[in-house]
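Chemist: Quick one, input-v3.txt (compact mmCIF, C-alpha atoms and all ligand atoms):
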```txt
# COMPACT_ATOMS: atom_id res chain seq x y z
CA MET G 5 -12.95 -96.39 95.30
CA TYR G 6 -14.33 -97.52 91.99
CA THR G 7 -15.79 -101.01 91.72
CA LEU G 8 -16.54 -103.49 88.97
CA PRO G 9 -20.21 -103.20 87.96
CA ASP G 10 -22.31 -106.34 87.51
CA LEU G 11 -22.95 -107.36 83.94
CA GLY G 12 -26.67 -107.59 84.62
CA TYR G 13 -26.85 -110.90 82.73
CA GLU G 14 -25.10 -114.27 82.62
CA TYR G 15 -21.74 -114.76 80.94
CA ASN G 16 -23.37 -117.12 78.44
CA ALA G 17 -26.27 -114.76 77.65
CA LEU G 18 -24.79 -113.64 74.34
CA GLU G 19 -24.00 -117.10 72.96
CA PRO G 20 -23.40 -118.01 70.22
CA TYR G 21 -22.46 -114.50 69.10
CA MET G 22 -20.15 -113.72 72.00
CA ASP G 23 -18.87 -116.73 73.89
CA GLU G 24 -19.06 -117.32 77.61
CA GLN G 25 -15.31 -117.63 78.19
CA THR G 26 -14.53 -114.36 76.42
CA MET G 27 -17.23 -112.56 78.41
CA LYS G 28 -16.00 -113.99 81.70
CA ILE G 29 -12.34 -113.10 81.13
CA HIS G 30 -13.21 -109.72 79.64
CA HIS G 31 -15.33 -108.75 82.65
CA THR G 32 -13.51 -110.38 85.59
CA LYS G 33 -9.92 -109.91 84.38
CA HIS G 34 -9.68 -107.05 81.90
CA HIS G 35 -12.34 -104.72 83.27
CA GLN G 36 -11.36 -105.56 86.86
CA ALA G 37 -7.74 -104.64 86.06
CA TYR G 38 -8.79 -101.21 84.76
CA VAL G 39 -10.74 -100.61 87.96
CA ASP G 40 -7.85 -101.76 90.19
CA LYS G 41 -5.24 -99.70 88.36
CA LEU G 42 -7.47 -96.61 88.39
CA ASN G 43 -7.91 -96.95 92.17
CA LEU G 44 -4.18 -97.41 92.60
CA ALA G 45 -3.41 -94.30 90.54
CA LEU G 46 -5.83 -92.20 92.63
CA GLU G 47 -4.50 -93.38 96.02
CA LYS G 48 -2.47 -90.20 96.47
CA TYR G 49 -5.33 -87.96 95.37
CA PRO G 50 -8.39 -88.59 97.55
CA GLU G 51 -10.06 -85.44 96.20
CA TRP G 52 -10.43 -87.19 92.84
CA GLN G 53 -11.67 -90.52 94.20
CA ASN G 54 -15.33 -89.67 94.68
CA LYS G 55 -16.12 -88.14 91.34
CA PRO G 56 -18.05 -90.01 88.66
CA VAL G 57 -15.40 -91.67 86.52
CA THR G 58 -16.85 -90.02 83.40
CA SER G 59 -16.01 -86.60 84.85
CA LEU G 60 -12.34 -87.63 85.19
CA ILE G 61 -12.28 -88.59 81.52
CA LYS G 62 -14.14 -85.43 80.46
CA ASN G 63 -11.65 -83.24 82.30
CA LEU G 64 -8.34 -84.98 81.71
CA ASN G 65 -6.48 -81.66 81.53
CA GLU G 66 -7.33 -81.04 85.19
CA ILE G 67 -5.90 -84.37 86.37
CA PRO G 68 -2.51 -84.14 88.15
CA GLU G 69 0.30 -84.66 85.64
CA ASP G 70 1.86 -87.71 87.34
CA ILE G 71 -1.35 -89.76 87.09
CA LYS G 72 -2.86 -88.32 83.92
CA THR G 73 -1.80 -91.19 81.66
CA ALA G 74 -2.95 -93.81 84.16
CA VAL G 75 -6.34 -92.11 84.55
CA ARG G 76 -6.69 -91.74 80.79
CA ASN G 77 -5.94 -95.45 80.21
CA HIS G 78 -7.55 -97.14 83.20
CA GLY G 79 -10.30 -94.60 83.87
CA GLY G 80 -11.06 -94.77 80.16
CA GLY G 81 -11.10 -98.57 80.33
CA HIS G 82 -13.54 -98.43 83.24
CA VAL G 83 -15.86 -95.95 81.47
CA ASN G 84 -15.76 -97.80 78.16
CA HIS G 85 -16.44 -101.25 79.54
CA SER G 86 -19.15 -100.08 81.95
CA MET G 87 -20.92 -98.65 78.91
CA PHE G 88 -20.15 -101.62 76.67
CA TRP G 89 -21.79 -104.31 78.85
CA LYS G 90 -25.07 -102.43 78.78
CA LEU G 91 -24.92 -102.16 75.01
CA LEU G 92 -25.00 -105.93 74.53
CA LYS G 93 -28.20 -107.95 74.28
CA LYS G 94 -29.62 -110.47 71.85
CA ASP G 95 -32.83 -110.01 69.88
CA THR G 96 -33.54 -106.32 70.20
CA LYS G 97 -34.75 -104.30 67.21
CA ILE G 98 -33.74 -100.79 66.25
CA ASN G 99 -36.73 -98.47 66.55
CA GLY G 100 -37.86 -95.12 67.87
CA GLU G 101 -35.84 -91.89 67.87
CA ILE G 102 -32.49 -93.54 67.18
CA LEU G 103 -33.84 -95.16 64.00
CA LYS G 104 -35.18 -91.78 62.81
CA ALA G 105 -31.85 -90.13 63.64
CA ILE G 106 -29.83 -92.83 61.85
CA ASN G 107 -32.04 -92.53 58.77
CA LYS G 108 -31.64 -88.76 58.84
CA ASN G 109 -27.86 -88.76 59.37
CA PHE G 110 -26.81 -91.74 57.26
CA GLY G 111 -29.66 -92.17 54.73
CA ASN G 112 -30.82 -95.54 56.00
CA PHE G 113 -29.82 -98.31 58.39
CA ASP G 114 -27.77 -100.25 55.83
CA LYS G 115 -25.72 -97.16 55.03
CA PHE G 116 -25.09 -96.60 58.73
CA LYS G 117 -24.00 -100.21 59.10
CA GLU G 118 -21.69 -99.91 56.11
CA GLU G 119 -20.06 -96.77 57.48
CA PHE G 120 -19.75 -98.08 61.04
CA SER G 121 -18.22 -101.39 59.87
CA LYS G 122 -15.85 -99.62 57.50
CA SER G 123 -14.67 -97.37 60.29
CA ALA G 124 -14.29 -100.31 62.72
CA ASN G 125 -12.39 -102.37 60.16
CA SER G 126 -10.00 -99.52 59.47
CA LEU G 127 -8.87 -99.09 63.09
CA PHE G 128 -5.16 -99.80 63.38
CA GLY G 129 -4.11 -101.42 66.64
CA SER G 130 -6.23 -101.54 69.79
CA GLY G 131 -9.16 -99.25 70.34
CA TRP G 132 -12.85 -98.67 69.83
CA CYS G 133 -15.27 -97.56 67.15
CA TRP G 134 -18.19 -95.40 68.23
CA LEU G 135 -21.45 -93.87 67.14
CA VAL G 136 -21.43 -90.44 68.76
CA LEU G 137 -23.57 -87.37 68.99
CA ASN G 138 -21.50 -84.35 67.98
CA ASN G 139 -23.26 -80.96 67.77
CA ASN G 140 -26.60 -82.77 67.54
CA LYS G 141 -25.44 -84.90 64.60
CA LEU G 142 -24.64 -88.60 64.62
CA GLU G 143 -21.25 -89.66 63.33
CA THR G 144 -18.84 -92.57 63.59
CA VAL G 145 -15.45 -92.04 65.23
CA LYS G 146 -12.55 -94.26 66.22
CA THR G 147 -10.44 -93.93 69.35
CA SER G 148 -7.14 -95.58 70.19
CA ASN G 149 -6.45 -97.63 73.29
CA GLN G 150 -9.05 -96.78 75.97
CA ASP G 151 -9.73 -93.21 74.90
CA ASN G 152 -13.38 -92.20 74.97
CA PRO G 153 -15.02 -89.58 72.70
CA ILE G 154 -16.25 -87.63 75.76
CA SER G 155 -12.67 -86.38 76.20
CA GLU G 156 -13.25 -84.53 72.89
CA GLY G 157 -16.72 -83.27 73.79
CA LYS G 158 -18.56 -85.93 71.76
CA ILE G 159 -21.21 -88.10 73.40
CA PRO G 160 -20.92 -91.85 72.74
CA ILE G 161 -24.20 -93.61 71.94
CA LEU G 162 -22.85 -97.00 70.82
CA GLY G 163 -19.37 -98.52 70.85
CA ILE G 164 -17.56 -101.70 69.88
CA ASP G 165 -14.47 -102.92 71.72
CA LEU G 166 -11.89 -103.77 69.05
CA TRP G 167 -9.12 -104.96 71.35
CA GLU G 168 -8.07 -108.51 70.55
CA HIS G 169 -9.16 -109.64 74.04
CA SER G 170 -12.69 -108.85 72.94
CA TYR G 171 -12.82 -111.46 70.17
CA TYR G 172 -9.65 -113.49 69.75
CA LEU G 173 -10.75 -116.68 71.58
CA LYS G 174 -13.66 -117.15 69.21
CA TRP G 175 -12.75 -115.23 66.08
CA ASN G 176 -8.93 -115.45 66.07
CA SER G 177 -7.61 -113.06 63.43
CA ASN G 178 -11.04 -112.63 61.78
CA ARG G 179 -11.81 -109.18 63.17
CA ALA G 180 -14.11 -108.40 60.22
CA GLY G 181 -16.24 -111.44 61.14
CA PHE G 182 -16.45 -110.27 64.73
CA ILE G 183 -17.53 -106.80 63.58
CA GLU G 184 -20.25 -108.16 61.27
CA ASN G 185 -21.42 -110.47 64.05
CA PHE G 186 -21.66 -107.56 66.50
CA TYR G 187 -24.95 -106.39 64.92
CA ASN G 188 -26.61 -109.50 66.40
CA ILE G 189 -25.97 -108.35 69.95
CA ILE G 190 -26.50 -104.60 69.92
CA ASN G 191 -28.98 -103.63 72.61
CA TRP G 192 -30.98 -101.07 70.62
CA ASP G 193 -33.14 -100.25 73.64
CA GLN G 194 -29.99 -99.07 75.43
CA VAL G 195 -28.77 -97.20 72.34
CA GLU G 196 -32.15 -95.43 72.22
CA LYS G 197 -31.79 -94.52 75.91
CA ASN G 198 -28.25 -93.23 75.37
CA TYR G 199 -29.41 -91.18 72.38
CA LYS G 200 -32.29 -89.58 74.27
CA GLU G 201 -30.04 -88.73 77.21
CA ALA G 202 -27.44 -87.26 74.86
CA MET G 203 -30.12 -85.07 73.22
CA MET G 204 -31.30 -83.61 76.55
MN MN3 U 301 -12.06 -104.68 76.43
```
Transcribe the structure of this file into structure tokens.
Ligand code: MN3
Modeler:
Amino acid sequence: MYTLPDLGYEYNALEPYMDEQTMKIHHTKHHQAYVDKLNLALEKYPEWQNKPVTSLIKNLNEIPEDIKTAVRNHGGGHVNHSMFWKLLKKDTKINGEILKAINKNFGNFDKFKEEFSKSANSLFGSGWCWLVLNNNKLETVKTSNQDNPISEGKIPILGIDLWEHSYYLKWNSNRAGFIENFYNIINWDQVEKNYKEAMM
């Protein structure tokens, strides 16, 4: 059985950039629902229940046909949100290997930011925008719904949840404002860790 991971910080820890109520609902309702529906889908298939959820998402073509869509959506939701919570923290600075890699791949940090925001703003419908490692190069990609780049062999380093439930209480229809605001709460220490792990 999969379980909801702790946030590791308080629901109000990201104020004023991400509000307490959004964080609470997002974690205890939305993420919990992905976990519950994933467990429900796997009830008939105990052999799949004890694998790391990332391995289900990496190997979707091996999942039994009758639960493949449920695993893709809810397993993806579980993977994405488990990663997302760790990527949020106030007052961290980009540094180290990830800064060097961003400078190398995008020119400089502002150019990265411009490209990431442009990609995020151009997503149609619900989904995510990611910074991924693909063949040892950093690039930005978008995914629909709860799809994760690992299903396509790309390793996510950073991601932003662009579903309306992620911002609507505070930002209403101003998704661009939410995206610009996101740079205040990126946990660059975690991004650095993700990058180093991806490079191993
Ligand atoms: Mn979400």
Chemist: Using all atoms listed in the file and a cutoff of 12 Å, can you tell me which residues are near (-21.1, -99.4, 55.6) in the file's coordinates, and write them out as a list in words?
Modeler: Phe110, Gly111, Asn112, Phe113, Asp114, Lys115, Phe116, Lys117, Glu118, Glu119, Phe120, Ser121, Lys122, Ser123, Ala124, Asn125, Ser126, Thr144, Ile183 and Glu184 of chain G
Chemist: Let me see if you get this right: every residue at most 9 Å from ligand MN3 301 (chain U), counting only C-alpha atoms and all ligand atoms, written as an mmCIF file with C-alpha atoms, keeping the file's coordinate frame.
Modeler:
```cif
data_model
loop_
_atom_site.group_PDB
_atom_site.id
_atom_site.type_symbol
_atom_site.label_atom_id
_atom_site.label_comp_id
_atom_site.auth_asym_id
_atom_site.auth_seq_id
_atom_site.Cartn_x
_atom_site.Cartn_y
_atom_site.Cartn_z
ATOM 1 C CA HIS G 30 -13.210 -109.720 79.640
ATOM 2 C CA HIS G 31 -15.330 -108.750 82.650
ATOM 3 C CA HIS G 34 -9.680 -107.050 81.900
ATOM 4 C CA HIS G 35 -12.340 -104.720 83.270
ATOM 5 C CA GLY G 81 -11.100 -98.570 80.330
ATOM 6 C CA ASN G 84 -15.760 -97.800 78.160
ATOM 7 C CA HIS G 85 -16.440 -101.250 79.540
ATOM 8 C CA PHE G 88 -20.150 -101.620 76.670
ATOM 9 C CA GLY G 131 -9.160 -99.250 70.340
ATOM 10 C CA TRP G 132 -12.850 -98.670 69.830
ATOM 11 C CA GLN G 150 -9.050 -96.780 75.970
ATOM 12 C CA ASP G 165 -14.470 -102.920 71.720
ATOM 13 C CA LEU G 166 -11.890 -103.770 69.050
ATOM 14 C CA TRP G 167 -9.120 -104.960 71.350
ATOM 15 C CA GLU G 168 -8.070 -108.510 70.550
ATOM 16 C CA HIS G 169 -9.160 -109.640 74.040
ATOM 17 C CA SER G 170 -12.690 -108.850 72.940
#
```
Chemist: Interatomic distance between CA of Val195 in chain G and CA of Leu91 in chain G?
Modeler: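 About the pair CA of Val195 in chain G and CA of Leu91 in chain G: they are 6.8 Å apart.
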Chemist: Using only C-alpha atoms, pick whichever of G:Ile154, G:Ile98, G:Val57, G:Ile29 has the shortest atom-to-atom distance to Tyr172 in chain G.
Modeler: G:Ile29
Chemist: What does the distance between CA of Ala37 in chain G and CA of Met87 in chain G come to in Å, to one decimal place?
Modeler: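 Separating CA of Ala37 in chain G from CA of Met87 in chain G is a distance of 16.1 Å.
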Chemist: Which of these, G:Cys133, G:Ile164, G:Ile71, G:Val39, has the shortest distance to Met5 in chain G once you count all atoms listed in the file?
Modeler: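 Of G:Cys133, G:Ile164, G:Ile71, G:Val39, the one nearest Met5 in chain G, counting all atoms listed in the file, is G:Val39.
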Chemist: May I ask for the distance between CA of Met203 in chain G and CA of Lys146 in chain G, given in Å to one decimal place?
Modeler: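 Atom-to-atom, CA of Met203 in chain G to CA of Lys146 in chain G, that is 21.0 Å.
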Chemist: Please provide the set of residues having any atom within 9 Å of Thr96 in chain G, restricted to all atoms listed in the file, with same-chain residues fewer than 6 positions apart removed, written as an mmCIF file with C-alpha atoms, keeping the file's coordinate frame.
Modeler:
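Wrote around_13.cif, looks like this:
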```
data_model
loop_
_atom_site.group_PDB
_atom_site.id
_atom_site.type_symbol
_atom_site.label_atom_id
_atom_site.label_comp_id
_atom_site.auth_asym_id
_atom_site.auth_seq_id
_atom_site.Cartn_x
_atom_site.Cartn_y
_atom_site.Cartn_z
ATOM 1 C CA ASN G 188 -26.610 -109.500 66.400
ATOM 2 C CA ILE G 189 -25.970 -108.350 69.950
ATOM 3 C CA ILE G 190 -26.500 -104.600 69.920
ATOM 4 C CA ASN G 191 -28.980 -103.630 72.610
ATOM 5 C CA TRP G 192 -30.980 -101.070 70.620
ATOM 6 C CA ASP G 193 -33.140 -100.250 73.640
#
```
